[in-house]
Structures are given as C-alpha cells and as structure tokens.
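So this one's final09.cif, mmCIF, N, CA and C atoms:
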data_run
loop_
_atom_site.group_PDB
_atom_site.id
_atom_site.type_symbol
_atom_site.label_atom_id
_atom_site.label_comp_id
_atom_site.auth_asym_id
_atom_site.auth_seq_id
_atom_site.Cartn_x
_atom_site.Cartn_y
_atom_site.Cartn_z
ATOM 1 N N MET A 1 -132.766 -112.776 -31.801
ATOM 2 C CA MET A 1 -132.737 -112.427 -30.390
ATOM 3 C C MET A 1 -133.255 -111.006 -30.227
ATOM 4 N N SER A 2 -134.188 -110.802 -29.338
ATOM 5 C CA SER A 2 -134.730 -109.479 -29.101
ATOM 6 C C SER A 2 -134.445 -109.064 -27.671
ATOM 7 N N ASN A 3 -133.967 -107.849 -27.511
ATOM 8 C CA ASN A 3 -133.748 -107.332 -26.167
ATOM 9 C C ASN A 3 -134.779 -106.259 -25.850
ATOM 10 N N ARG A 4 -135.928 -106.380 -26.458
ATOM 11 C CA ARG A 4 -137.010 -105.431 -26.223
ATOM 12 C C ARG A 4 -138.092 -106.113 -25.400
ATOM 13 N N THR A 5 -138.682 -105.368 -24.490
ATOM 14 C CA THR A 5 -139.729 -105.937 -23.652
ATOM 15 C C THR A 5 -141.043 -105.222 -23.938
ATOM 16 N N PRO A 6 -142.173 -105.881 -23.678
ATOM 17 C CA PRO A 6 -143.461 -105.259 -23.949
ATOM 18 C C PRO A 6 -143.669 -103.992 -23.131
ATOM 19 N N ALA A 7 -144.248 -102.994 -23.755
ATOM 20 C CA ALA A 7 -144.580 -101.744 -23.081
ATOM 21 C C ALA A 7 -145.976 -101.328 -23.510
ATOM 22 N N ARG A 8 -146.846 -101.149 -22.549
ATOM 23 C CA ARG A 8 -148.210 -100.719 -22.827
ATOM 24 C C ARG A 8 -148.872 -101.574 -23.908
ATOM 25 N N GLY A 9 -148.707 -102.876 -23.806
ATOM 26 C CA GLY A 9 -149.363 -103.778 -24.722
ATOM 27 C C GLY A 9 -148.618 -104.044 -26.022
ATOM 28 N N GLY A 10 -147.458 -103.430 -26.231
ATOM 29 C CA GLY A 10 -146.708 -103.653 -27.455
ATOM 30 C C GLY A 10 -145.223 -103.700 -27.161
ATOM 31 N N PRO A 11 -144.408 -104.008 -28.185
ATOM 32 C CA PRO A 11 -142.969 -104.074 -27.954
ATOM 33 C C PRO A 11 -142.384 -102.685 -27.696
ATOM 34 N N CYS A 12 -141.376 -102.631 -26.876
ATOM 35 C CA CYS A 12 -140.685 -101.378 -26.592
ATOM 36 C C CYS A 12 -139.885 -100.999 -27.839
ATOM 37 N N PRO A 13 -139.976 -99.770 -28.310
ATOM 38 C CA PRO A 13 -139.263 -99.376 -29.526
ATOM 39 C C PRO A 13 -137.763 -99.179 -29.329
ATOM 40 N N SER A 14 -137.309 -99.123 -28.101
ATOM 41 C CA SER A 14 -135.892 -98.900 -27.821
ATOM 42 C C SER A 14 -135.262 -100.144 -27.226
ATOM 43 N N PRO A 15 -133.993 -100.413 -27.552
ATOM 44 C CA PRO A 15 -133.350 -101.619 -27.022
ATOM 45 C C PRO A 15 -133.099 -101.541 -25.514
ATOM 46 N N HIS A 16 -133.148 -102.700 -24.884
ATOM 47 C CA HIS A 16 -132.770 -102.870 -23.483
ATOM 48 C C HIS A 16 -131.446 -103.618 -23.474
ATOM 49 N N LEU A 17 -130.543 -103.230 -22.602
ATOM 50 C CA LEU A 17 -129.256 -103.907 -22.549
ATOM 51 C C LEU A 17 -129.412 -105.293 -21.944
ATOM 52 N N PRO A 18 -128.704 -106.276 -22.492
ATOM 53 C CA PRO A 18 -128.733 -107.620 -21.930
ATOM 54 C C PRO A 18 -127.840 -107.682 -20.689
ATOM 55 N N PRO A 19 -127.883 -108.774 -19.944
ATOM 56 C CA PRO A 19 -126.939 -108.927 -18.823
ATOM 57 C C PRO A 19 -125.498 -108.871 -19.341
ATOM 58 N N LEU A 20 -124.610 -108.400 -18.485
ATOM 59 C CA LEU A 20 -123.196 -108.324 -18.869
ATOM 60 C C LEU A 20 -122.628 -109.713 -19.087
ATOM 61 N N GLN A 21 -121.804 -109.842 -20.097
ATOM 62 C CA GLN A 21 -121.110 -111.091 -20.359
ATOM 63 C C GLN A 21 -119.850 -111.143 -19.509
ATOM 64 N N ASN A 22 -119.372 -112.351 -19.231
ATOM 65 C CA ASN A 22 -118.100 -112.500 -18.525
ATOM 66 C C ASN A 22 -117.012 -111.793 -19.317
ATOM 67 N N GLY A 23 -116.167 -111.050 -18.634
ATOM 68 C CA GLY A 23 -115.080 -110.341 -19.288
ATOM 69 C C GLY A 23 -115.510 -109.079 -20.004
ATOM 70 N N ALA A 24 -116.694 -108.537 -19.672
ATOM 71 C CA ALA A 24 -117.149 -107.307 -20.318
ATOM 72 C C ALA A 24 -116.140 -106.189 -20.085
ATOM 73 N N LYS A 25 -115.874 -105.417 -21.122
ATOM 74 C CA LYS A 25 -114.891 -104.329 -21.061
ATOM 75 C C LYS A 25 -115.486 -103.142 -20.303
ATOM 76 N N PRO A 26 -114.833 -102.702 -19.226
ATOM 77 C CA PRO A 26 -115.337 -101.520 -18.527
ATOM 78 C C PRO A 26 -115.023 -100.257 -19.331
ATOM 79 N N LEU A 27 -115.986 -99.371 -19.422
ATOM 80 C CA LEU A 27 -115.778 -98.090 -20.090
ATOM 81 C C LEU A 27 -115.447 -97.039 -19.034
ATOM 82 N N ALA A 28 -114.618 -96.092 -19.387
ATOM 83 C CA ALA A 28 -114.300 -94.982 -18.486
ATOM 84 C C ALA A 28 -115.359 -93.904 -18.668
ATOM 85 N N TRP A 29 -115.961 -93.481 -17.565
ATOM 86 C CA TRP A 29 -117.015 -92.462 -17.605
ATOM 87 C C TRP A 29 -116.491 -91.172 -16.996
ATOM 88 N N HIS A 30 -116.811 -90.054 -17.639
ATOM 89 C CA HIS A 30 -116.322 -88.739 -17.227
ATOM 90 C C HIS A 30 -117.481 -87.760 -17.146
ATOM 91 N N LYS A 31 -117.260 -86.664 -16.441
ATOM 92 C CA LYS A 31 -118.255 -85.596 -16.392
ATOM 93 C C LYS A 31 -118.403 -84.996 -17.784
ATOM 94 N N PRO A 32 -119.636 -84.620 -18.153
ATOM 95 C CA PRO A 32 -119.830 -83.984 -19.462
ATOM 96 C C PRO A 32 -119.084 -82.655 -19.519
ATOM 97 N N GLY A 33 -118.768 -82.213 -20.717
ATOM 98 C CA GLY A 33 -118.139 -80.907 -20.834
ATOM 99 C C GLY A 33 -117.361 -80.678 -22.097
ATOM 100 N N GLN A 34 -116.953 -81.734 -22.799
ATOM 101 C CA GLN A 34 -116.143 -81.549 -23.995
ATOM 102 C C GLN A 34 -116.944 -80.909 -25.123
ATOM 103 N N PHE A 35 -118.214 -81.264 -25.256
ATOM 104 C CA PHE A 35 -119.040 -80.768 -26.350
ATOM 105 C C PHE A 35 -120.205 -79.953 -25.800
ATOM 106 N N THR A 36 -120.473 -78.804 -26.406
ATOM 107 C CA THR A 36 -121.628 -78.005 -25.991
ATOM 108 C C THR A 36 -122.883 -78.406 -26.748
ATOM 109 N N TRP A 37 -122.698 -79.054 -27.893
ATOM 110 C CA TRP A 37 -123.815 -79.504 -28.706
ATOM 111 C C TRP A 37 -123.463 -80.859 -29.296
ATOM 112 N N SER A 38 -124.427 -81.760 -29.358
ATOM 113 C CA SER A 38 -124.193 -83.055 -29.998
ATOM 114 C C SER A 38 -125.495 -83.557 -30.596
ATOM 115 N N ARG A 39 -125.368 -84.445 -31.546
ATOM 116 C CA ARG A 39 -126.499 -85.065 -32.226
ATOM 117 C C ARG A 39 -126.630 -86.491 -31.710
ATOM 118 N N VAL A 40 -127.828 -86.883 -31.324
ATOM 119 C CA VAL A 40 -128.069 -88.239 -30.828
ATOM 120 C C VAL A 40 -128.310 -89.154 -32.027
ATOM 121 N N LEU A 41 -127.473 -90.189 -32.145
ATOM 122 C CA LEU A 41 -127.553 -91.126 -33.260
ATOM 123 C C LEU A 41 -128.380 -92.358 -32.931
ATOM 124 N N ALA A 42 -128.326 -92.797 -31.668
ATOM 125 C CA ALA A 42 -129.042 -94.002 -31.217
ATOM 126 C C ALA A 42 -129.208 -93.911 -29.710
ATOM 127 N N TRP A 43 -130.126 -94.718 -29.165
ATOM 128 C CA TRP A 43 -130.401 -94.667 -27.726
ATOM 129 C C TRP A 43 -130.963 -95.993 -27.251
ATOM 130 N N THR A 44 -130.932 -96.164 -25.924
ATOM 131 C CA THR A 44 -131.550 -97.324 -25.302
ATOM 132 C C THR A 44 -132.798 -96.859 -24.558
ATOM 133 N N CYS A 45 -133.564 -97.812 -24.077
ATOM 134 C CA CYS A 45 -134.818 -97.514 -23.389
ATOM 135 C C CYS A 45 -134.578 -96.721 -22.105
ATOM 136 N N HIS A 46 -135.380 -95.693 -21.914
ATOM 137 C CA HIS A 46 -135.322 -94.939 -20.659
ATOM 138 C C HIS A 46 -136.599 -95.115 -19.835
ATOM 139 N N GLU A 47 -137.604 -95.753 -20.409
ATOM 140 C CA GLU A 47 -138.864 -95.931 -19.699
ATOM 141 C C GLU A 47 -138.842 -97.093 -18.717
ATOM 142 N N HIS A 48 -138.051 -98.116 -19.006
ATOM 143 C CA HIS A 48 -138.056 -99.328 -18.191
ATOM 144 C C HIS A 48 -136.749 -99.562 -17.456
ATOM 145 N N ARG A 49 -135.820 -98.637 -17.516
ATOM 146 C CA ARG A 49 -134.498 -98.831 -16.923
ATOM 147 C C ARG A 49 -134.099 -97.606 -16.099
ATOM 148 N N ASN A 50 -133.285 -97.836 -15.056
ATOM 149 C CA ASN A 50 -132.749 -96.733 -14.250
ATOM 150 C C ASN A 50 -131.515 -96.123 -14.892
ATOM 151 N N THR A 51 -130.900 -96.855 -15.799
ATOM 152 C CA THR A 51 -129.725 -96.372 -16.521
ATOM 153 C C THR A 51 -129.997 -96.534 -18.008
ATOM 154 N N TRP A 52 -129.771 -95.481 -18.763
ATOM 155 C CA TRP A 52 -129.963 -95.547 -20.202
ATOM 156 C C TRP A 52 -128.844 -94.787 -20.890
ATOM 157 N N TYR A 53 -128.684 -95.032 -22.199
ATOM 158 C CA TYR A 53 -127.521 -94.559 -22.940
ATOM 159 C C TYR A 53 -127.923 -93.926 -24.262
ATOM 160 N N GLU A 54 -127.072 -93.033 -24.750
ATOM 161 C CA GLU A 54 -127.218 -92.452 -26.075
ATOM 162 C C GLU A 54 -125.871 -92.488 -26.781
ATOM 163 N N LEU A 55 -125.894 -92.791 -28.051
ATOM 164 C CA LEU A 55 -124.716 -92.665 -28.902
ATOM 165 C C LEU A 55 -124.825 -91.296 -29.541
ATOM 166 N N CYS A 56 -123.828 -90.447 -29.325
ATOM 167 C CA CYS A 56 -123.869 -89.052 -29.768
ATOM 168 C C CYS A 56 -122.706 -88.731 -30.696
ATOM 169 N N ALA A 57 -122.924 -87.759 -31.587
ATOM 170 C CA ALA A 57 -121.870 -87.298 -32.489
ATOM 171 C C ALA A 57 -121.741 -85.784 -32.370
ATOM 172 N N ALA A 58 -120.508 -85.311 -32.412
ATOM 173 C CA ALA A 58 -120.234 -83.875 -32.347
ATOM 174 C C ALA A 58 -118.822 -83.619 -32.851
ATOM 175 N N GLY A 59 -118.651 -82.574 -33.604
ATOM 176 C CA GLY A 59 -117.316 -82.166 -34.022
ATOM 177 C C GLY A 59 -116.529 -83.232 -34.757
ATOM 178 N N GLY A 60 -117.202 -84.075 -35.526
ATOM 179 C CA GLY A 60 -116.509 -85.129 -36.257
ATOM 180 C C GLY A 60 -116.152 -86.345 -35.426
ATOM 181 N N LEU A 61 -116.548 -86.366 -34.158
ATOM 182 C CA LEU A 61 -116.279 -87.486 -33.261
ATOM 183 C C LEU A 61 -117.599 -88.015 -32.720
ATOM 184 N N ALA A 62 -117.539 -89.147 -32.025
ATOM 185 C CA ALA A 62 -118.739 -89.707 -31.408
ATOM 186 C C ALA A 62 -118.371 -90.255 -30.027
ATOM 187 N N TYR A 63 -119.347 -90.300 -29.151
ATOM 188 C CA TYR A 63 -119.149 -90.778 -27.778
ATOM 189 C C TYR A 63 -120.461 -91.349 -27.271
ATOM 190 N N ILE A 64 -120.411 -91.989 -26.113
ATOM 191 C CA ILE A 64 -121.611 -92.535 -25.486
ATOM 192 C C ILE A 64 -121.910 -91.719 -24.236
ATOM 193 N N ARG A 65 -123.173 -91.338 -24.109
ATOM 194 C CA ARG A 65 -123.631 -90.576 -22.944
ATOM 195 C C ARG A 65 -124.482 -91.515 -22.101
ATOM 196 N N ARG A 66 -124.218 -91.531 -20.794
ATOM 197 C CA ARG A 66 -124.952 -92.398 -19.861
ATOM 198 C C ARG A 66 -125.781 -91.533 -18.912
ATOM 199 N N PHE A 67 -127.009 -91.947 -18.687
ATOM 200 C CA PHE A 67 -127.905 -91.300 -17.731
ATOM 201 C C PHE A 67 -128.230 -92.314 -16.649
ATOM 202 N N LYS A 68 -128.173 -91.889 -15.385
ATOM 203 C CA LYS A 68 -128.498 -92.776 -14.268
ATOM 204 C C LYS A 68 -129.464 -92.070 -13.336
ATOM 205 N N GLY A 69 -130.416 -92.847 -12.817
ATOM 206 C CA GLY A 69 -131.290 -92.321 -11.776
ATOM 207 C C GLY A 69 -132.578 -91.735 -12.306
ATOM 208 N N ASP A 70 -133.032 -90.682 -11.669
ATOM 209 C CA ASP A 70 -134.302 -90.032 -11.949
ATOM 210 C C ASP A 70 -134.336 -89.498 -13.378
ATOM 211 N N GLU A 71 -135.372 -89.870 -14.112
ATOM 212 C CA GLU A 71 -135.497 -89.440 -15.508
ATOM 213 C C GLU A 71 -135.578 -87.917 -15.633
ATOM 214 N N LEU A 72 -136.148 -87.232 -14.639
ATOM 215 C CA LEU A 72 -136.274 -85.783 -14.704
ATOM 216 C C LEU A 72 -134.979 -85.049 -14.371
ATOM 217 N N LYS A 73 -134.119 -85.660 -13.566
ATOM 218 C CA LYS A 73 -132.843 -85.035 -13.221
ATOM 219 C C LYS A 73 -131.792 -86.135 -13.048
ATOM 220 N N PRO A 74 -131.386 -86.752 -14.150
ATOM 221 C CA PRO A 74 -130.435 -87.867 -14.051
ATOM 222 C C PRO A 74 -129.005 -87.392 -13.861
ATOM 223 N N GLU A 75 -128.174 -88.297 -13.368
ATOM 224 C CA GLU A 75 -126.728 -88.090 -13.325
ATOM 225 C C GLU A 75 -126.218 -88.430 -14.730
ATOM 226 N N VAL A 76 -125.447 -87.527 -15.335
ATOM 227 C CA VAL A 76 -124.999 -87.701 -16.713
ATOM 228 C C VAL A 76 -123.483 -87.863 -16.747
ATOM 229 N N ALA A 77 -123.019 -88.815 -17.564
ATOM 230 C CA ALA A 77 -121.588 -89.036 -17.759
ATOM 231 C C ALA A 77 -121.343 -89.371 -19.228
ATOM 232 N N HIS A 78 -120.121 -89.125 -19.688
ATOM 233 C CA HIS A 78 -119.732 -89.407 -21.078
ATOM 234 C C HIS A 78 -118.507 -90.301 -21.109
ATOM 235 N N THR A 79 -118.384 -91.073 -22.180
ATOM 236 C CA THR A 79 -117.115 -91.736 -22.469
ATOM 237 C C THR A 79 -116.232 -90.691 -23.139
ATOM 238 N N HIS A 80 -114.987 -91.029 -23.398
ATOM 239 C CA HIS A 80 -114.199 -90.123 -24.237
ATOM 240 C C HIS A 80 -114.692 -90.289 -25.670
ATOM 241 N N ALA A 81 -114.288 -89.424 -26.553
ATOM 242 C CA ALA A 81 -114.764 -89.443 -27.938
ATOM 243 C C ALA A 81 -113.814 -90.230 -28.836
ATOM 244 N N TRP A 82 -114.404 -90.902 -29.810
ATOM 245 C CA TRP A 82 -113.664 -91.667 -30.810
ATOM 246 C C TRP A 82 -114.108 -91.206 -32.194
ATOM 247 N N ARG A 83 -113.411 -91.704 -33.218
ATOM 248 C CA ARG A 83 -113.951 -91.567 -34.565
ATOM 249 C C ARG A 83 -115.270 -92.324 -34.567
ATOM 250 N N GLU A 84 -116.201 -91.909 -35.404
ATOM 251 C CA GLU A 84 -117.552 -92.474 -35.356
ATOM 252 C C GLU A 84 -117.571 -93.992 -35.527
ATOM 253 N N ALA A 85 -116.755 -94.535 -36.425
ATOM 254 C CA ALA A 85 -116.736 -95.991 -36.624
ATOM 255 C C ALA A 85 -116.319 -96.715 -35.344
ATOM 256 N N GLU A 86 -115.333 -96.169 -34.629
ATOM 257 C CA GLU A 86 -114.895 -96.780 -33.366
ATOM 258 C C GLU A 86 -115.998 -96.674 -32.317
ATOM 259 N N ALA A 87 -116.656 -95.515 -32.246
ATOM 260 C CA ALA A 87 -117.732 -95.326 -31.272
ATOM 261 C C ALA A 87 -118.887 -96.283 -31.546
ATOM 262 N N ARG A 88 -119.195 -96.506 -32.809
ATOM 263 C CA ARG A 88 -120.268 -97.448 -33.150
ATOM 264 C C ARG A 88 -119.900 -98.876 -32.731
ATOM 265 N N ALA A 89 -118.640 -99.230 -32.842
ATOM 266 C CA ALA A 89 -118.191 -100.559 -32.397
ATOM 267 C C ALA A 89 -118.354 -100.700 -30.880
ATOM 268 N N VAL A 90 -118.014 -99.653 -30.137
ATOM 269 C CA VAL A 90 -118.186 -99.674 -28.678
ATOM 270 C C VAL A 90 -119.675 -99.711 -28.344
ATOM 271 N N TRP A 91 -120.480 -98.970 -29.092
ATOM 272 C CA TRP A 91 -121.934 -98.967 -28.897
ATOM 273 C C TRP A 91 -122.500 -100.378 -29.078
ATOM 274 N N LEU A 92 -122.073 -101.058 -30.120
ATOM 275 C CA LEU A 92 -122.536 -102.433 -30.346
ATOM 276 C C LEU A 92 -122.079 -103.367 -29.235
ATOM 277 N N ALA A 93 -120.885 -103.141 -28.713
ATOM 278 C CA ALA A 93 -120.402 -103.933 -27.577
ATOM 279 C C ALA A 93 -121.284 -103.684 -26.348
ATOM 280 N N LEU A 94 -121.670 -102.442 -26.130
ATOM 281 C CA LEU A 94 -122.553 -102.098 -25.014
ATOM 282 C C LEU A 94 -123.902 -102.786 -25.187
ATOM 283 N N LEU A 95 -124.457 -102.735 -26.398
ATOM 284 C CA LEU A 95 -125.771 -103.338 -26.665
ATOM 285 C C LEU A 95 -125.749 -104.863 -26.575
ATOM 286 N N SER A 96 -124.580 -105.460 -26.695
ATOM 287 C CA SER A 96 -124.485 -106.919 -26.639
ATOM 288 C C SER A 96 -123.985 -107.434 -25.287
ATOM 289 N N GLY A 97 -123.765 -106.525 -24.328
ATOM 290 C CA GLY A 97 -123.322 -106.947 -22.999
ATOM 291 C C GLY A 97 -121.823 -107.165 -22.892
ATOM 292 N N ARG A 98 -121.066 -106.770 -23.934
ATOM 293 C CA ARG A 98 -119.619 -106.950 -23.916
ATOM 294 C C ARG A 98 -118.873 -105.712 -23.413
ATOM 295 N N ALA A 99 -119.603 -104.653 -23.071
ATOM 296 C CA ALA A 99 -119.006 -103.438 -22.499
ATOM 297 C C ALA A 99 -119.960 -102.911 -21.443
ATOM 298 N N GLN A 100 -119.400 -102.194 -20.482
ATOM 299 C CA GLN A 100 -120.240 -101.624 -19.412
ATOM 300 C C GLN A 100 -119.802 -100.230 -19.070
#

Can you give me the file's structure in the form of structure tokens?
Amino acid sequence: MSNRTPARGGPCPSPHLPPLQNGAKPLAWHKPGQFTWSRVLAWTCHEHRNTWYELCAAGGLAYIRRFKGDELKPEVAHTHAWREAEARAVWLALLSGRAQ
C-alpha cells in the first residue's frame, strides 16, 4: 500500500496521510514552547497538503509537530512529549489513519 502521490512526473518522496479510520484517536495539540531546539526524525508531505507533520526529538523525548495553512507562515502546534518509542508508535498511528 502506498500513500504517496505523483509529483512533477514522479512519486512524492514524503508520505501522505490516509483518510481517518473509524475510531481514530484524537491527539491533544498545544502551542509550541517546551523545546527551543529539536531534531526532525520524519515528516509528511508539505507540497500537496494544507496540513503536514513532523516527528521531532529533543531532550531525550519525542513529539509530533503539526503545521496548518500557508507554507510560508503556518499555524504550528505540538503534541506533548513521550519517550521516543512511544512517540514513534503514535507517529505510525498518525501515518495509518488511526490518530488525528
């Protein structure tokens, strides 16, 4: 199963989120501010979507960052931070339509 769509004649290198599944777990989104610096571990497509996501790590924890709207000045929100293994599980749930 591929959630990538063609871009400029080839496949998009970044994943696109599938439609939400019934019973998808809602994530709590908060204003950024806990971390001043973070490393981006993974991301979704920002070229073909109005909302895109990054899996980030900082200070021994990981969280998901959401961008909405204009690519040049998006609205940014974060989930709370988890241990990296937990954050990766939530990230996979997001990529599979089981979290929103």

Just so the selection is clear, what residues does the PyMOL selection byres ((chain A and resi 51) around 6) cover here, as a PDB file with N, CA and C atoms, keeping the file's coordinate frame?
ATOM      1  N   ARG A  49    -135.820 -98.637 -17.516  1.00  0.00           N
ATOM      2  CA  ARG A  49    -134.498 -98.831 -16.923  1.00  0.00           C
ATOM      3  C   ARG A  49    -134.099 -97.606 -16.099  1.00  0.00           C
ATOM      4  N   ASN A  50    -133.285 -97.836 -15.056  1.00  0.00           N
ATOM      5  CA  ASN A  50    -132.749 -96.733 -14.250  1.00  0.00           C
ATOM      6  C   ASN A  50    -131.515 -96.123 -14.892  1.00  0.00           C
ATOM      7  N   TRP A  52    -129.771 -95.481 -18.763  1.00  0.00           N
ATOM      8  CA  TRP A  52    -129.963 -95.547 -20.202  1.00  0.00           C
ATOM      9  C   TRP A  52    -128.844 -94.787 -20.890  1.00  0.00           C
ATOM     10  N   TYR A  53    -128.684 -95.032 -22.199  1.00  0.00           N
ATOM     11  CA  TYR A  53    -127.521 -94.559 -22.940  1.00  0.00           C
ATOM     12  C   TYR A  53    -127.923 -93.926 -24.262  1.00  0.00           C
ATOM     13  N   PHE A  67    -127.009 -91.947 -18.687  1.00  0.00           N
ATOM     14  CA  PHE A  67    -127.905 -91.300 -17.731  1.00  0.00           C
ATOM     15  C   PHE A  67    -128.230 -92.314 -16.649  1.00  0.00           C
ATOM     16  N   LYS A  68    -128.173 -91.889 -15.385  1.00  0.00           N
ATOM     17  CA  LYS A  68    -128.498 -92.776 -14.268  1.00  0.00           C
ATOM     18  C   LYS A  68    -129.464 -92.070 -13.336  1.00  0.00           C
ATOM     19  N   GLY A  69    -130.416 -92.847 -12.817  1.00  0.00           N
ATOM     20  CA  GLY A  69    -131.290 -92.321 -11.776  1.00  0.00           C
ATOM     21  C   GLY A  69    -132.578 -91.735 -12.306  1.00  0.00           C
TER      22      GLY A  69
END

Per-residue nearest contacts of range 58-84 of chain A to range 19-31 of chain A (6.5 Å; all atoms listed in the file) as a tab-separated table:
residue	atom	partner	partner_atom	distance
A:Val76	C	A:Lys31	CA	5.7
A:Ala77	CA	A:His30	C	4.3
A:His78	C	A:His30	N	3.9
A:Thr79	CA	A:Ala28	C	4.7
A:His80	N	A:Ala28	C	5.5

> Where does DSSP see alpha helix (DSSP H) in chain A, if you list the residues as a ChimeraX atom specification?
Replying inline: /A:84-95

> So how far away is CA of Pro32 in chain A from CA of Ala93 in chain A, in Å?
Replying inline: 21.5 Å

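The space between atom C of Glu75 in chain A and atom N of Glu54 in chain A spans 11.1 Å.
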
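Take atom N of Pro18 in chain A and atom N of Arg39 in chain A: the distance between them is 23.9 Å.
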
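Residues captured in this structure file are Pro13, Ser14, Pro15, His16, Val40, Leu41, Ala42, Thr44, Cys45, His46, Trp52, Tyr53, Glu54, Leu55 and Cys56 of chain A, according to the PyMOL selection byres ((chain A and resi 43) around 8).
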
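Counting only N, CA and C atoms, the residue from A:Ile64, A:Leu72, A:Ala99, A:Ser38 that sits nearest to Ala87 in chain A is A:Ile64.
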
>> When the PyMOL selection byres (((chain A and resi 37 and name CA) around 9) and name CA) is applied to the structure above, which residues does it catch, written out as number ranges by chain?
In response: A: 35-36, 38-39, 57-59
